[in-house]
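So this one's start_0.cif, mmCIF, C-alpha atoms:
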data_data
loop_
_atom_site.label_atom_id
_atom_site.label_comp_id
_atom_site.auth_asym_id
_atom_site.auth_seq_id
_atom_site.Cartn_x
_atom_site.Cartn_y
_atom_site.Cartn_z
CA MET T 1 23.46 -9.61 -23.20
CA THR T 2 22.99 -9.33 -19.43
CA LEU T 3 21.46 -6.05 -18.31
CA PRO T 4 22.26 -4.36 -14.97
CA PHE T 5 20.11 -5.62 -12.05
CA GLU T 6 18.67 -8.44 -14.17
CA HIS T 7 19.35 -10.73 -11.22
CA PRO T 8 19.86 -8.45 -8.19
CA ASP T 9 21.12 -9.89 -4.94
CA GLU T 10 18.85 -9.98 -1.91
CA GLN T 11 20.24 -6.77 -0.39
CA THR T 12 19.73 -4.83 -3.63
CA ARG T 13 16.24 -6.27 -4.07
CA ASP T 14 15.23 -5.26 -0.54
CA ALA T 15 16.60 -1.76 -1.12
CA LEU T 16 14.58 -1.45 -4.33
CA HIS T 17 11.44 -2.66 -2.56
CA ALA T 18 11.97 -0.09 0.19
CA ARG T 19 12.45 2.72 -2.33
CA LEU T 20 9.29 1.79 -4.25
CA ARG T 21 7.30 1.62 -1.00
CA PHE T 22 8.63 5.07 -0.12
CA TYR T 23 7.39 6.47 -3.46
CA ARG T 24 4.03 4.75 -3.10
CA ASP T 25 3.48 6.13 0.40
CA LEU T 26 4.20 9.58 -0.97
CA GLY T 27 1.27 9.08 -3.33
CA ILE T 28 3.36 8.68 -6.48
CA GLY T 29 1.63 6.46 -9.03
CA GLU T 30 2.79 3.14 -10.30
CA PHE T 31 5.83 2.68 -12.48
CA TYR T 32 5.30 1.07 -15.86
CA ARG T 33 7.92 -0.80 -17.82
CA ARG T 34 7.72 -1.33 -21.56
CA ASP T 35 9.54 -4.05 -23.46
CA VAL T 36 12.47 -2.60 -25.38
CA ASP T 37 14.24 -4.15 -28.33
CA PRO T 38 17.61 -5.29 -26.91
CA GLY T 39 19.23 -4.07 -30.12
CA LEU T 40 18.51 -0.48 -29.07
CA TRP T 41 20.67 -0.78 -25.98
CA ALA T 42 23.93 -0.90 -27.97
CA GLN T 43 24.25 0.93 -31.28
CA PRO T 44 27.37 0.57 -33.50
CA GLU T 45 29.74 3.50 -33.50
CA GLN T 46 29.45 5.73 -36.56
CA PRO T 47 32.49 6.65 -38.68
CA ALA T 48 33.92 10.10 -37.95
CA ALA T 49 33.17 11.22 -41.50
CA LEU T 50 29.50 10.38 -41.05
CA VAL T 51 29.40 12.26 -37.76
CA GLN T 52 30.87 15.34 -39.47
CA GLU T 53 28.35 15.02 -42.28
CA GLN T 54 25.47 14.86 -39.79
CA ALA T 55 26.79 17.92 -37.97
CA HIS T 56 26.98 19.82 -41.28
CA SER T 57 23.42 18.83 -42.23
CA GLN T 58 22.16 20.02 -38.83
CA ALA T 59 23.87 23.39 -39.35
CA SER T 60 22.23 23.80 -42.78
CA PRO T 61 18.93 21.93 -42.62
CA GLU T 62 17.21 20.97 -45.85
CA PRO T 63 13.74 19.58 -46.44
CA ALA T 64 13.88 15.89 -45.69
CA ALA T 65 11.86 12.89 -46.66
CA ALA T 66 9.95 10.81 -44.12
CA PRO T 67 12.15 9.88 -41.16
CA THR T 68 13.88 6.53 -41.30
CA SER T 69 15.14 6.35 -37.71
CA LEU T 70 14.90 3.27 -35.57
CA PHE T 71 11.60 4.55 -34.14
CA SER T 72 9.94 5.27 -37.49
CA GLN T 73 8.60 1.73 -37.56
CA HIS T 74 6.42 2.46 -34.51
CA THR T 75 4.34 5.54 -35.23
CA GLU T 76 1.95 4.89 -32.35
CA GLU T 77 2.78 4.25 -28.72
CA THR T 78 1.79 0.84 -27.49
CA ALA T 79 -1.32 1.21 -25.38
CA ILE T 80 -1.11 0.22 -21.71
CA ALA T 81 -3.78 -2.30 -20.87
CA PRO T 82 -6.44 -0.82 -18.59
CA ARG T 83 -6.37 -1.91 -14.96
CA LYS T 84 -8.77 -4.64 -14.06
CA PRO T 85 -11.77 -3.23 -12.19
CA PHE T 86 -11.84 -3.86 -8.48
CA PRO T 87 -14.37 -6.48 -7.40
CA ALA T 88 -17.31 -5.04 -5.51
CA ALA T 89 -17.03 -5.08 -1.73
CA PRO T 90 -19.26 -7.69 -0.06
CA ALA T 91 -22.69 -6.59 1.02
CA LEU T 92 -22.84 -4.93 4.42
CA ALA T 93 -23.61 -7.53 7.08
CA GLU T 94 -26.34 -7.02 9.63
CA ALA T 95 -25.20 -5.26 12.80
CA LEU T 96 -24.74 -7.50 15.82
CA PRO T 97 -25.21 -6.70 19.50
CA PRO T 98 -21.90 -5.67 21.10
CA GLU T 99 -21.82 -8.77 23.30
CA GLN T 100 -21.68 -10.95 20.16
CA HIS T 101 -18.76 -9.18 18.48
CA PHE T 102 -16.01 -11.30 20.03
CA ALA T 103 -17.66 -14.58 19.03
CA ALA T 104 -18.38 -13.26 15.53
CA LEU T 105 -14.73 -12.32 14.99
CA LYS T 106 -13.73 -15.78 16.20
CA LEU T 107 -16.01 -17.33 13.56
CA ILE T 108 -14.33 -15.23 10.84
CA ARG T 109 -10.93 -16.45 12.01
CA GLU T 110 -12.18 -20.03 11.90
CA GLU T 111 -13.50 -19.45 8.38
CA ILE T 112 -10.02 -18.34 7.29
CA GLY T 113 -8.58 -21.52 8.77
CA ASP T 114 -5.11 -22.59 7.67
CA CYS T 115 -5.61 -20.53 4.53
CA THR T 116 -4.07 -21.51 1.18
CA ARG T 117 -6.30 -19.32 -0.98
CA CYS T 118 -3.40 -17.33 -2.48
CA ALA T 119 0.35 -17.61 -3.00
CA LEU T 120 1.20 -15.77 0.23
CA ALA T 121 0.44 -18.94 2.19
CA LYS T 122 3.65 -20.56 0.88
CA GLY T 123 6.00 -18.23 2.73
CA ARG T 124 4.13 -17.27 5.86
CA ASN T 125 4.79 -18.41 9.40
CA LYS T 126 1.54 -17.30 11.08
CA ILE T 127 -1.71 -15.81 9.89
CA VAL T 128 -2.10 -12.30 11.34
CA PHE T 129 -5.83 -11.85 11.83
CA GLY T 130 -6.38 -8.78 13.99
CA ASP T 131 -6.01 -7.41 17.48
CA GLY T 132 -7.88 -5.16 19.88
CA ASP T 133 -11.31 -4.34 21.21
CA PRO T 134 -14.15 -6.07 19.28
CA ASN T 135 -16.35 -3.06 20.15
CA ALA T 136 -13.80 -0.37 19.32
CA LYS T 137 -14.93 3.02 18.05
CA LEU T 138 -11.61 3.44 16.23
CA MET T 139 -10.08 0.94 13.80
CA PHE T 140 -6.72 1.06 12.05
CA VAL T 141 -6.17 -0.76 8.76
CA GLY T 142 -2.69 -1.42 7.42
CA GLU T 143 -1.22 -3.18 4.42
CA GLY T 144 0.07 -6.52 5.64
CA PRO T 145 2.26 -8.23 8.23
CA GLY T 146 6.01 -7.77 8.41
CA ALA T 147 8.62 -10.14 9.84
CA ASP T 148 7.81 -9.39 13.49
CA GLU T 149 4.08 -9.76 12.89
CA ASP T 150 4.60 -12.99 10.94
CA ALA T 151 6.51 -14.42 13.89
CA SER T 152 4.04 -13.30 16.60
CA GLY T 153 0.70 -13.58 14.80
CA LEU T 154 -0.25 -10.05 15.89
CA PRO T 155 -0.48 -6.91 13.72
CA PHE T 156 1.86 -3.94 14.21
CA VAL T 157 4.28 -5.25 16.82
CA GLY T 158 7.58 -4.26 15.15
CA ARG T 159 9.14 -0.80 14.94
CA GLY T 160 6.15 0.47 12.97
CA GLY T 161 3.88 -1.02 15.60
CA GLN T 162 5.70 0.79 18.38
CA LEU T 163 5.22 4.05 16.52
CA LEU T 164 1.53 3.25 16.01
CA ASN T 165 1.22 2.59 19.75
CA ASN T 166 2.70 6.03 20.40
CA MET T 167 0.26 7.59 17.94
CA ILE T 168 -2.66 5.90 19.67
CA GLN T 169 -1.40 7.06 23.06
CA ALA T 170 -1.05 10.63 21.77
CA MET T 171 -4.74 10.48 20.88
CA GLY T 172 -5.55 9.73 24.52
CA LEU T 173 -6.26 6.04 23.96
CA LYS T 174 -4.63 2.69 24.67
CA ARG T 175 -3.95 0.03 22.07
CA GLU T 176 -6.43 -2.24 23.85
CA GLN T 177 -9.19 0.30 23.11
CA VAL T 178 -8.82 0.21 19.31
CA TYR T 179 -9.00 -2.57 16.71
CA ILE T 180 -6.14 -3.20 14.27
CA ALA T 181 -6.15 -5.30 11.11
CA ASN T 182 -4.52 -5.50 7.67
CA VAL T 183 -5.63 -5.89 4.07
CA VAL T 184 -3.79 -9.22 3.80
CA LYS T 185 -3.31 -11.64 6.67
CA CYS T 186 -0.05 -13.24 5.51
CA ARG T 187 3.35 -11.60 5.08
CA PRO T 188 4.33 -10.84 1.47
CA PRO T 189 7.89 -11.93 0.58
CA GLN T 190 10.51 -9.29 1.45
CA ASN T 191 7.62 -7.12 2.71
CA ARG T 192 6.68 -6.25 -0.86
CA THR T 193 3.32 -4.71 -1.72
CA PRO T 194 0.55 -7.33 -1.96
CA GLU T 195 -0.37 -8.28 -5.50
CA PRO T 196 -3.94 -7.42 -6.56
CA ASP T 197 -5.07 -11.05 -6.61
CA GLU T 198 -3.67 -11.54 -3.10
CA ALA T 199 -5.38 -8.43 -1.73
CA HIS T 200 -8.67 -9.19 -3.50
CA THR T 201 -8.63 -12.72 -2.10
CA CYS T 202 -8.05 -11.59 1.48
CA SER T 203 -9.91 -8.26 1.71
CA PRO T 204 -13.41 -9.83 2.07
CA PHE T 205 -12.32 -11.04 5.51
CA LEU T 206 -11.25 -7.49 6.37
CA PHE T 207 -14.69 -6.19 5.39
CA LYS T 208 -16.28 -8.86 7.59
CA GLN T 209 -14.13 -7.68 10.50
CA ILE T 210 -15.22 -4.10 9.87
CA ASP T 211 -18.89 -5.12 9.73
CA VAL T 212 -18.61 -6.90 13.08
CA VAL T 213 -16.65 -4.23 14.96
CA ARG T 214 -18.69 -1.36 13.45
CA PRO T 215 -16.15 1.34 14.32
CA LYS T 216 -17.16 4.97 14.16
CA VAL T 217 -13.85 5.92 12.54
CA ILE T 218 -11.49 3.89 10.35
CA VAL T 219 -7.95 5.17 9.79
CA ALA T 220 -6.37 3.77 6.64
CA LEU T 221 -2.61 3.58 7.05
CA GLY T 222 -1.01 4.17 3.67
CA GLN T 223 -1.78 3.83 -0.01
CA THR T 224 -2.44 0.09 -0.13
CA ALA T 225 -4.95 0.20 2.72
CA VAL T 226 -7.07 2.99 1.27
CA THR T 227 -6.90 1.53 -2.25
CA TYR T 228 -8.33 -1.82 -1.24
CA LEU T 229 -10.80 -0.38 1.24
CA THR T 230 -12.34 1.92 -1.35
CA GLY T 231 -11.55 0.20 -4.65
CA GLU T 232 -10.27 3.53 -5.93
CA LYS T 233 -6.73 4.34 -7.01
CA ARG T 234 -5.55 7.92 -6.47
CA PRO T 235 -2.62 9.62 -4.75
CA LEU T 236 -2.57 9.70 -0.98
CA SER T 237 -2.69 13.49 -1.11
CA GLY T 238 -6.14 13.20 -2.68
CA TRP T 239 -7.44 11.34 0.37
CA ARG T 240 -5.82 13.11 3.28
CA GLY T 241 -7.16 16.10 5.20
CA VAL T 242 -10.88 15.27 5.11
CA THR T 243 -13.27 12.53 6.20
CA HIS T 244 -14.86 10.15 3.72
CA PRO T 245 -18.17 8.31 4.25
CA PHE T 246 -17.68 4.57 4.49
CA ARG T 247 -19.62 1.36 4.99
CA GLY T 248 -21.77 0.99 8.08
CA GLY T 249 -21.84 4.75 8.62
CA ALA T 250 -18.14 4.87 9.54
CA LYS T 251 -15.92 7.83 8.65
CA LEU T 252 -12.76 6.95 6.73
CA ILE T 253 -9.63 9.00 7.42
CA VAL T 254 -6.37 8.42 5.56
CA THR T 255 -2.82 8.99 6.77
CA TYR T 256 0.69 7.69 6.27
CA HIS T 257 1.76 4.18 7.21
CA PRO T 258 3.98 4.10 10.33
CA ALA T 259 6.74 2.38 8.33
CA PHE T 260 6.80 5.39 6.00
CA LEU T 261 6.98 7.76 8.98
CA LEU T 262 10.03 5.87 10.22
CA ARG T 263 11.69 6.47 6.86
CA ASP T 264 10.64 10.12 6.72
CA PRO T 265 10.08 11.49 10.26
CA ASN T 266 9.37 14.96 8.83
CA GLN T 267 5.92 13.69 7.84
CA LYS T 268 4.92 12.88 11.43
CA LYS T 269 3.41 16.34 11.90
CA HIS T 270 1.16 15.74 8.89
CA ALA T 271 0.12 12.33 10.24
CA TRP T 272 -0.70 13.98 13.56
CA ALA T 273 -2.95 16.47 11.74
CA ASP T 274 -4.78 13.49 10.19
CA LEU T 275 -5.20 11.83 13.57
CA GLN T 276 -6.61 15.05 14.99
CA ILE T 277 -9.39 14.80 12.41
CA ALA T 278 -10.16 11.33 13.77
CA MET T 279 -10.10 12.68 17.30
CA ARG T 280 -12.65 15.36 16.45
CA GLU T 281 -14.94 12.70 15.00
CA LEU T 282 -14.57 10.66 18.19
CA GLY T 283 -14.86 13.61 20.57
CA LEU T 284 -11.36 13.03 21.95
CA THR T 285 -8.90 15.52 23.34
CA PRO T 286 -5.21 14.72 23.64
CA PRO T 287 -3.90 14.10 27.16
CA ALA T 288 -2.04 16.92 28.85
CA ARG T 289 1.71 16.77 28.46
CA LYS T 290 3.62 15.96 31.61
#
How does this structure look as structure tokens?
Amino acid sequence: MTLPFEHPDEQTRDALHARLRFYRDLGIGEFYRRDVDPGLWAQPEQPAALVQEQAHSQASPEPAAAPTSLFSQHTEETAIAPRKPFPAAPALAEALPPEQHFAALKLIREEIGDCTRCALAKGRNKIVFGDGDPNAKLMFVGEGPGADEDASGLPFVGRGGQLLNNMIQAMGLKREQVYIANVVKCRPPQNRTPEPDEAHTCSPFLFKQIDVVRPKVIVALGQTAVTYLTGEKRPLSGWRGVTHPFRGGAKLIVTYHPAFLLRDPNQKKHAWADLQIAMRELGLTPPARK
């Protein structure tokens, strides 16, 4: 028996990925799927006489013996295996003088090399390392590269990147004054969410970037970014609205990913409120409107 969407076409698959990303950015938890006996999908039709008999018994209930329904064989729900614990973040590296930050980031990029440490290497075009000021006070961390980023080798250069540029400008800064990086450096297929083993393999390089730049404020863009920065899984609503202490004395602030804001522009005002928290930490005031 072939079930619906057992082998979805590419357009349907991309639409499903987009919908799941939308739910995740809203802070809705993961979806779990349990194996179901295929025999339960199609039950034989019951004779009319039996249906009438069941209706009569429901109208005049009598004490019954133990249930013998299809589900009586499974009296306990199958337990969901606990999530694997997140590996500990690498130890905080020693702070470097500002004039050494550029060279230190270059060494991290050389360490990554032509990386084949996880499955994402098979489908990527370019490794997307990072971009911006090595001495930035503000750092943005996203999920992973998209198609435009995979082609250019730079983070946040597509439609989401243009929106991020506008957000940075609204804060009174230029893109060249901040540092931007992602949890994973290679594009996941169809822009899907990185798998845990992919993110865990790549995130140590992100922590090294953070330790070199030593930003005063880190803005996590979306659920995936904050999850792998902190090693803690909880809804986005549980992170937003306040600052969180982070490694190297930085303040972590969480907001929506620009791609999510493109799908739901009504949330831009909430993202702006998050960015204003970052601005207060940095002592910034927005530029006057023309």
Exercise on region 165-168 of chain T, axis-aligned box with 3 Å per side, report centre and edge lengths in Å to one decimal, as AutoDock Vina command-line options:
--center_x 0.0 --center_y 5.1 --center_z 19.2 --size_x 11.4 --size_y 11.0 --size_z 8.5
Selected residue of minimal separation from Arg117 (chain T) among T:Leu96, T:Gly249, T:Gly132, T:Glu198, counting all atoms listed in the file:
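Ranked by minimum distance to Arg117 (chain T), first place goes to T:Glu198.
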Could you check the closest approach to Ala170 (chain T) for each of T:Trp272, T:Gly113, T:Asp9, T:Cys186 and tell me which residue wins, using all atoms listed in the file?
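Of T:Trp272, T:Gly113, T:Asp9, T:Cys186, the one nearest Ala170 (chain T) is T:Trp272, counting all atoms listed in the file.
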When the PyMOL selection byres ((chain T and resi 85-91) around 9) is applied to the file above, which residues end up in the set, as a list in words?
Pro82, Arg83, Lys84, Leu92, Ala93, Pro196, His200, Ser203, Pro204, Phe207, Lys208, Tyr228, Leu229, Thr230, Gly231 and Glu232 of chain T
Using only C-alpha atoms, which of T:Leu261, T:Val212, T:Ile253, T:Ile277 sits nearest Ala103 (chain T)?
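Of the candidates, the smallest distance to Ala103 (chain T) is held by T:Val212.
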Distance query Leu138 (chain T) at most 6 Å, all atoms listed in the file, self and fewer than 4 positions along chain excluded, as a ChimeraX atom specification
/T:178,215,217-218
For Asp131 (chain T), which residue out of T:Lys233, T:His244, T:His270, T:Arg109 is the nearest one, using only C-alpha atoms?
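Checking each candidate against Asp131 (chain T), we get T:Arg109 as the closest.
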At a cut-off of 7 Å, using all atoms listed in the file, what residues contact region 141-147 of chain T? Leave out same-chain residues fewer than 3 positions from it and give the result as a list of chain:residue names.
T:Val128, T:Asp150, T:Ala151, T:Pro155, T:Ile180, T:Ala181, T:Asn182, T:Val183, T:Val184, T:Lys185, T:Cys186, T:Arg187, T:Asn191, T:Val219, T:Ala220, T:Leu221, T:Gly222, T:Thr224, T:Ala225
As a check of understanding, name the residues that the PyMOL selection byres ((chain T and resi 248) around 8) selects in the supplied structure, as a PyMOL selection string.
chain T and resi 92+211+214+246-247+249-250
Kindly reconstruct region 241-258 of chain T with N, CA, C and O atoms and present the result as an mmCIF file, in the coordinates of the input.
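Written out: out.cif:
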data_model
loop_
_atom_site.group_PDB
_atom_site.id
_atom_site.type_symbol
_atom_site.label_atom_id
_atom_site.label_comp_id
_atom_site.auth_asym_id
_atom_site.auth_seq_id
_atom_site.Cartn_x
_atom_site.Cartn_y
_atom_site.Cartn_z
ATOM 1 N N GLY T 241 -6.675 14.778 4.815
ATOM 2 C CA GLY T 241 -7.160 16.100 5.200
ATOM 3 C C GLY T 241 -8.648 16.225 5.395
ATOM 4 O O GLY T 241 -9.118 17.229 5.932
ATOM 5 N N VAL T 242 -9.417 15.222 4.970
ATOM 6 C CA VAL T 242 -10.880 15.270 5.110
ATOM 7 C C VAL T 242 -11.387 13.886 5.496
ATOM 8 O O VAL T 242 -10.663 12.893 5.399
ATOM 9 N N THR T 243 -12.636 13.822 5.913
ATOM 10 C CA THR T 243 -13.270 12.530 6.200
ATOM 11 C C THR T 243 -14.030 12.062 4.961
ATOM 12 O O THR T 243 -14.484 12.863 4.148
ATOM 13 N N HIS T 244 -14.157 10.744 4.848
ATOM 14 C CA HIS T 244 -14.860 10.150 3.720
ATOM 15 C C HIS T 244 -15.920 9.185 4.267
ATOM 16 O O HIS T 244 -15.613 8.370 5.146
ATOM 17 N N PRO T 245 -17.148 9.260 3.786
ATOM 18 C CA PRO T 245 -18.170 8.310 4.250
ATOM 19 C C PRO T 245 -17.801 6.893 3.851
ATOM 20 O O PRO T 245 -17.300 6.654 2.750
ATOM 21 N N PHE T 246 -18.061 5.955 4.750
ATOM 22 C CA PHE T 246 -17.680 4.570 4.490
ATOM 23 C C PHE T 246 -18.791 3.637 4.937
ATOM 24 O O PHE T 246 -19.821 4.073 5.465
ATOM 25 N N ARG T 247 -18.575 2.355 4.716
ATOM 26 C CA ARG T 247 -19.620 1.360 4.990
ATOM 27 C C ARG T 247 -20.008 1.370 6.463
ATOM 28 O O ARG T 247 -19.197 1.641 7.353
ATOM 29 N N GLY T 248 -21.269 1.065 6.712
ATOM 30 C CA GLY T 248 -21.770 0.990 8.080
ATOM 31 C C GLY T 248 -21.855 2.326 8.785
ATOM 32 O O GLY T 248 -21.973 2.370 10.004
ATOM 33 N N GLY T 249 -21.769 3.428 8.018
ATOM 34 C CA GLY T 249 -21.840 4.750 8.620
ATOM 35 C C GLY T 249 -20.521 5.226 9.204
ATOM 36 O O GLY T 249 -20.464 6.289 9.834
ATOM 37 N N ALA T 250 -19.447 4.464 9.006
ATOM 38 C CA ALA T 250 -18.140 4.870 9.540
ATOM 39 C C ALA T 250 -17.581 6.040 8.736
ATOM 40 O O ALA T 250 -17.971 6.279 7.580
ATOM 41 N N LYS T 251 -16.659 6.769 9.326
ATOM 42 C CA LYS T 251 -15.920 7.830 8.650
ATOM 43 C C LYS T 251 -14.510 7.311 8.372
ATOM 44 O O LYS T 251 -13.835 6.812 9.282
ATOM 45 N N LEU T 252 -14.091 7.415 7.123
ATOM 46 C CA LEU T 252 -12.760 6.950 6.730
ATOM 47 C C LEU T 252 -11.806 8.133 6.705
ATOM 48 O O LEU T 252 -12.087 9.164 6.087
ATOM 49 N N ILE T 253 -10.677 7.978 7.375
ATOM 50 C CA ILE T 253 -9.630 9.000 7.420
ATOM 51 C C ILE T 253 -8.335 8.327 6.981
ATOM 52 O O ILE T 253 -8.041 7.190 7.373
ATOM 53 N N VAL T 254 -7.559 9.015 6.164
ATOM 54 C CA VAL T 254 -6.370 8.420 5.560
ATOM 55 C C VAL T 254 -5.121 9.164 6.031
ATOM 56 O O VAL T 254 -5.102 10.401 6.062
ATOM 57 N N THR T 255 -4.103 8.398 6.388
ATOM 58 C CA THR T 255 -2.820 8.990 6.770
ATOM 59 C C THR T 255 -1.697 8.079 6.318
ATOM 60 O O THR T 255 -1.915 7.060 5.659
ATOM 61 N N TYR T 256 -0.478 8.450 6.672
ATOM 62 C CA TYR T 256 0.690 7.690 6.270
ATOM 63 C C TYR T 256 0.852 6.422 7.100
ATOM 64 O O TYR T 256 0.459 6.365 8.266
ATOM 65 N N HIS T 257 1.453 5.412 6.495
ATOM 66 C CA HIS T 257 1.760 4.180 7.210
ATOM 67 C C HIS T 257 2.915 4.446 8.178
ATOM 68 O O HIS T 257 3.846 5.199 7.861
ATOM 69 N N PRO T 258 2.883 3.876 9.386
ATOM 70 C CA PRO T 258 3.980 4.100 10.330
ATOM 71 C C PRO T 258 5.358 3.756 9.769
ATOM 72 O O PRO T 258 6.350 4.405 10.104
#
